[in-house]
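These notes are about the structure you will find just below.
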Amino acid sequence: MTLRSPSAALHAATAAPAATHPAPACTLVILGAGGDLTHRLLVPALYDLACSKFLPEDFQIIGVSLEEQTTQGWVSSLQSRLENSMRERHAASSSATLNHSAWQWLSSRMHYLSLNFTDPAALSPLSALVTGRNVVFYLATPPRFFEPATTTLSQAGLLLEKTDQFRRVVIEKPFGTNLQSAQALNTHLLSILHEKQIYRVDHFLGKETVQNLLALRFSNILFEPLWCKDYIDHIQITAAETLSVEGRGVFYDATGALRDMVPNHLFQILALVAMERPVSLNSEEIRNAKQAVFEAIRPITPDNMVRGQYQAGTCKGRAVPSYRDSQGVSPDSMTETYAALRVDIETARWQGVPFYLRTGKALSRAVTEIVVQFKAPTNPLFHTGQGEPEAANRFVYNIRPDKGANLYFNVKNPGPETIVSEVTSEFRYEKSFGNTPNIGYETLLYDCLQGNATLFQRADNIEAAWRAVNGILQDTEKSKLDFYTAGSSGPLSAETLLARDGRKWASLTKDKD
């Protein structure tokens with residue numbers, strides 16, 4: 001059974017809908033403009049916004065980096081990378097061809113400055129270009145530059161707001177490596193900026209399927225009454241990758257799966273799944289509701305966590321060497337490439353309902369999904385053809401790659417016998433709305449330009465998430481590390497984590513649920 005939007009045919013085009021409320025006039029200053037983030041994500045997202053006319057006519061982009069190059073050279077490198085990425089993303093569609101009119105509109109507003117953005121004396125050319133304008137400073141830099149770059153901008157007077165002029169700073173993940181470093185960074189930023197000027201990015205929140213969680217839960221009376229301990233047995237949140245560390249060994253060996261994924265990406269999904277209905281869609285109301293979830297998380301103990309590390313194996317037909325044999329990784333590394341944990345939220349809605357989170361590299365399937373497992377009927381009336389009681393309902397929400405949802409429920413089999421079988425009602429974004437170009441940063445950039453902080457994290461959100469995992473982070477050096485074969489579903493101890501509660505993970509070995 002497939003659910004289709006009645007207007008699906010109207011949305012079959014590959015172009016995004018035209019804007020009704022373009023962003024206000026402003027200048028976007030990208031610090032670290034020569035880097036991968038700018039080329040791979042920011043500029044392609046800005047191009048998509050330009051195609052759909054979400055950017056204002058009075059818009060400027062200033063790229064700042066140490067690399068010596070001209071504006072023309074920078075623009076050329078951006079265009080080349082954009083065209084390559086479009087061919088990869090849309091090989092089978094017309095979107096693989098650059099819209100030269102939109103690119104000309106965007107690139108004509110670009111300017112490149114080669115300067116040291118950690119030296120206040122070097123910022124005079126930048127200051128001259130942004131004087132009297134609304135400005136968003138995007139730190140597309142490694143984390144070590146967050147403090148010196150913002151200090152320099154402050155010393156140069158570039159972060160001062162006026163009544164009719166905003167100044168905002170966008171900071172990318174990772175926001176600290178533990179509670180202490182996150183608190184230190186927040187303390188620094190709040191010493192030179194107001195909270196309303198700071199936009200902390202978690203790019204998972206840029207995904208349409210993640211943003212849809214609020215609408216799914218709170219615009220459908222079908223779900224909300226059942227979304228509680230009375231009807232839900234447990235919830236699983238999975239973010240699995242088939243990729244290995246892929247040349248990022250130095251970074252990853254100092255980070256690990258737990259720090260890299262849990263207190264940010266997975267906890268953001270957890271908050272959207274578990275939060276109470278906000279009073280309104282005001283950004284502060286939504287962030288308050290998320291904060292209540294983080295504060296209600298029972299401190300996670302080592303016995304509710306599994307750490308794993310992949311050994312040599314095969315992923316999708318590709319030979320994957322052991323993690324410890326990867327470039328930049330210590331040969332006796334104890335860094336986890338897989339983490340699974342049980343999270344308990346001590347609220348009236350979720351008392352006694354465990355949330356199981358898992359994430360890992362070099363696994364059998366690349367998928368990010370939420371599985372809501374409902375309780376089985378107390379006294380089942382029906383049975384399957386195999387004589388088993390009717391299956392408990394479940395709702396599977398796929399963030400990637402399928403981008404949609406499956407609802408599993410029981411129906412009577414045709415025929416004279418009263419037996420039931422499980423069937424699926426399916427929703428897919430692409431089938432209902434077409435394949436709209438989306439990098440995942442379009443909404444994040446647009447909202448930042450608009451001053452909408454809903455998809456960005458507050459200081460207390462960041463610190464509460466780190467606080468929830470602080471105990472197990474401190475224990476990782478001495479905690480057990482289990483091994484798993486690359487291309488498998490992870491370590492056996494992860495299965496035990498659920499089996500002790502009489503539950504099991506949703507399968508990673510099949511392409512679809």
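By convention here, the chains of the structure tokens are called A, B, ... in the order presented, each chain's residues are numbered starting at 1, and ligands are numbered starting at 1 in the order presented.
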As a PDB file with C-alpha atoms, in the first residue's frame, list the residues of segment 159-272 of chain A assigned to strand (DSSP E) by DSSP on the backbone atoms of this structure.
ATOM      1  CA  ARG A 167      25.605  41.079  12.939  1.00  0.00           C
ATOM      2  CA  ARG A 168      25.473  37.287  13.307  1.00  0.00           C
ATOM      3  CA  VAL A 169      28.053  34.525  13.682  1.00  0.00           C
ATOM      4  CA  VAL A 170      27.544  30.968  12.435  1.00  0.00           C
ATOM      5  CA  ILE A 171      29.639  28.220  14.023  1.00  0.00           C
ATOM      6  CA  ILE A 198      25.072  33.138  17.665  1.00  0.00           C
ATOM      7  CA  TYR A 199      23.915  30.407  15.279  1.00  0.00           C
ATOM      8  CA  ARG A 200      25.378  26.995  16.176  1.00  0.00           C
ATOM      9  CA  ILE A 232       4.985   2.724  22.824  1.00  0.00           C
ATOM     10  CA  ASP A 233       7.258  -0.116  23.933  1.00  0.00           C
ATOM     11  CA  HIS A 234      10.571   1.486  22.878  1.00  0.00           C
ATOM     12  CA  ILE A 235      12.151   3.712  20.229  1.00  0.00           C
ATOM     13  CA  GLN A 236      15.319   3.110  18.201  1.00  0.00           C
ATOM     14  CA  ILE A 237      17.378   5.825  16.500  1.00  0.00           C
ATOM     15  CA  THR A 238      20.023   4.606  14.054  1.00  0.00           C
ATOM     16  CA  ALA A 239      22.664   6.502  12.059  1.00  0.00           C
ATOM     17  CA  ALA A 240      24.689   3.859  10.214  1.00  0.00           C
TER      18      ALA A 240
END
Next item on the list: Could you give me, as a PyMOL selection string, the residues within 8 Å of segment 327-344 of chain A, counting only C-alpha atoms and dropping anything in the same chain fewer than 4 positions from it?
Entry: chain A and resi 247-250+253-258+297-298+300+304-310+323+350-361+477+481+490+494+497
Check: Looking at only C-alpha atoms, which of A:Ala391, A:Leu31, A:Leu41, A:Met275 is the one that sits closest to Leu126 of chain A?
Finding: A:Leu31
Next item on the list: Just the residues within 6 Å of Thr314 of chain A, please, counting only C-alpha atoms, with nothing from its chain fewer than 3 positions along; format it as a ChimeraX atom specification.
Entry: /A:317-320,486-487
Check: Using only C-alpha atoms, which of A:Ser108, A:Gln291, A:Ser191, A:Ser421 sits nearest Ala392 of chain A?
Finding: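 Comparing A:Ser108, A:Gln291, A:Ser191, A:Ser421 against Ala392 of chain A, the winner is A:Ser421.
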Give me the segment 387-488 of chain A side of the contact with segment 211-231 of chain A, cut-off 12 Å, one line per residue showing its nearest atom pair and distance in Å at one decimal, counting only C-alpha atoms, sorted by chain and residue number, as a tab-separated table.
residue	atom	partner	partner_atom	distance
A:Ala392	CA	A:Tyr231	CA	10.4
A:Asn393	CA	A:Tyr231	CA	9.9
A:Arg394	CA	A:Tyr231	CA	10.7
A:Phe395	CA	A:Phe223	CA	10.1
A:Tyr397	CA	A:Leu213	CA	9.1
A:Asn398	CA	A:Leu213	CA	10.8
A:Ile399	CA	A:Asn212	CA	9.7
A:Lys403	CA	A:Asn212	CA	10.5
A:Gly404	CA	A:Asn212	CA	9.9
A:Ala405	CA	A:Leu216	CA	10.4
A:Leu407	CA	A:Phe223	CA	11.2
A:Phe427	CA	A:Leu216	CA	12.0
A:Tyr429	CA	A:Asn212	CA	10.5
A:Gly440	CA	A:Gln211	CA	10.6
A:Thr443	CA	A:Gln211	CA	9.6
A:Leu444	CA	A:Gln211	CA	10.7
A:Thr454	CA	A:Gln211	CA	10.0
A:Leu455	CA	A:Gln211	CA	8.2
A:Phe456	CA	A:Gln211	CA	11.8
Residues near Pro278 of chain A, anyone? I mean within 10 Å using only C-alpha atoms, not counting same-chain ones fewer than 4 positions away, as an mmCIF file with C-alpha atoms, in the first residue's frame.
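As a result, selection.cif now contains:
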data_model
loop_
_atom_site.group_PDB
_atom_site.id
_atom_site.type_symbol
_atom_site.label_atom_id
_atom_site.label_comp_id
_atom_site.auth_asym_id
_atom_site.auth_seq_id
_atom_site.Cartn_x
_atom_site.Cartn_y
_atom_site.Cartn_z
ATOM 1 C CA LEU A 214 7.725 18.530 14.131
ATOM 2 C CA PHE A 218 2.078 17.952 15.915
ATOM 3 C CA ASN A 282 8.578 30.433 17.864
ATOM 4 C CA SER A 283 12.255 29.445 17.892
ATOM 5 C CA GLU A 284 12.625 29.939 21.647
ATOM 6 C CA GLU A 285 9.556 27.823 22.403
ATOM 7 C CA ILE A 286 10.944 24.955 20.319
ATOM 8 C CA ARG A 287 14.411 25.222 21.846
ATOM 9 C CA ASN A 288 12.853 25.329 25.323
ATOM 10 C CA ALA A 289 10.993 22.096 24.551
ATOM 11 C CA LYS A 290 14.233 20.457 23.386
#
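For the pair atom CA of Thr177 of chain A and atom CA of Pro321 of chain A, the interatomic distance is 27.1 Å.
Considering the residues A:Leu28, A:Leu159, A:Val210, A:Leu498 and counting only C-alpha atoms, Tyr112 of chain A has its shortest atom-to-atom contact with A:Leu28.
Among the candidate residues A:Thr424, A:Asn379, A:Asn470, A:Ser493, the one lying nearest to Gln180 of chain A is A:Asn470, with distances computed using only C-alpha atoms.
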6 Å contact set for Thr485 of chain A, only C-alpha atoms, chain neighbours under 2 positions out, as a compact mmCIF listing (two decimals) with C-alpha atoms, in the first residue's frame:
# COMPACT_ATOMS: atom_id res chain seq x y z
CA TYR A 310 35.71 -2.35 12.99
CA GLN A 311 38.21 -4.89 11.77
CA GLY A 313 36.01 -6.89 6.09
CA SER A 488 28.42 -6.40 9.53
Checklist line | 8 Å contact set for Leu473 of chain A, only C-alpha atoms, chain neighbours under 4 positions out, as a ChimeraX atom specification | finding: /A:178,258-259,469
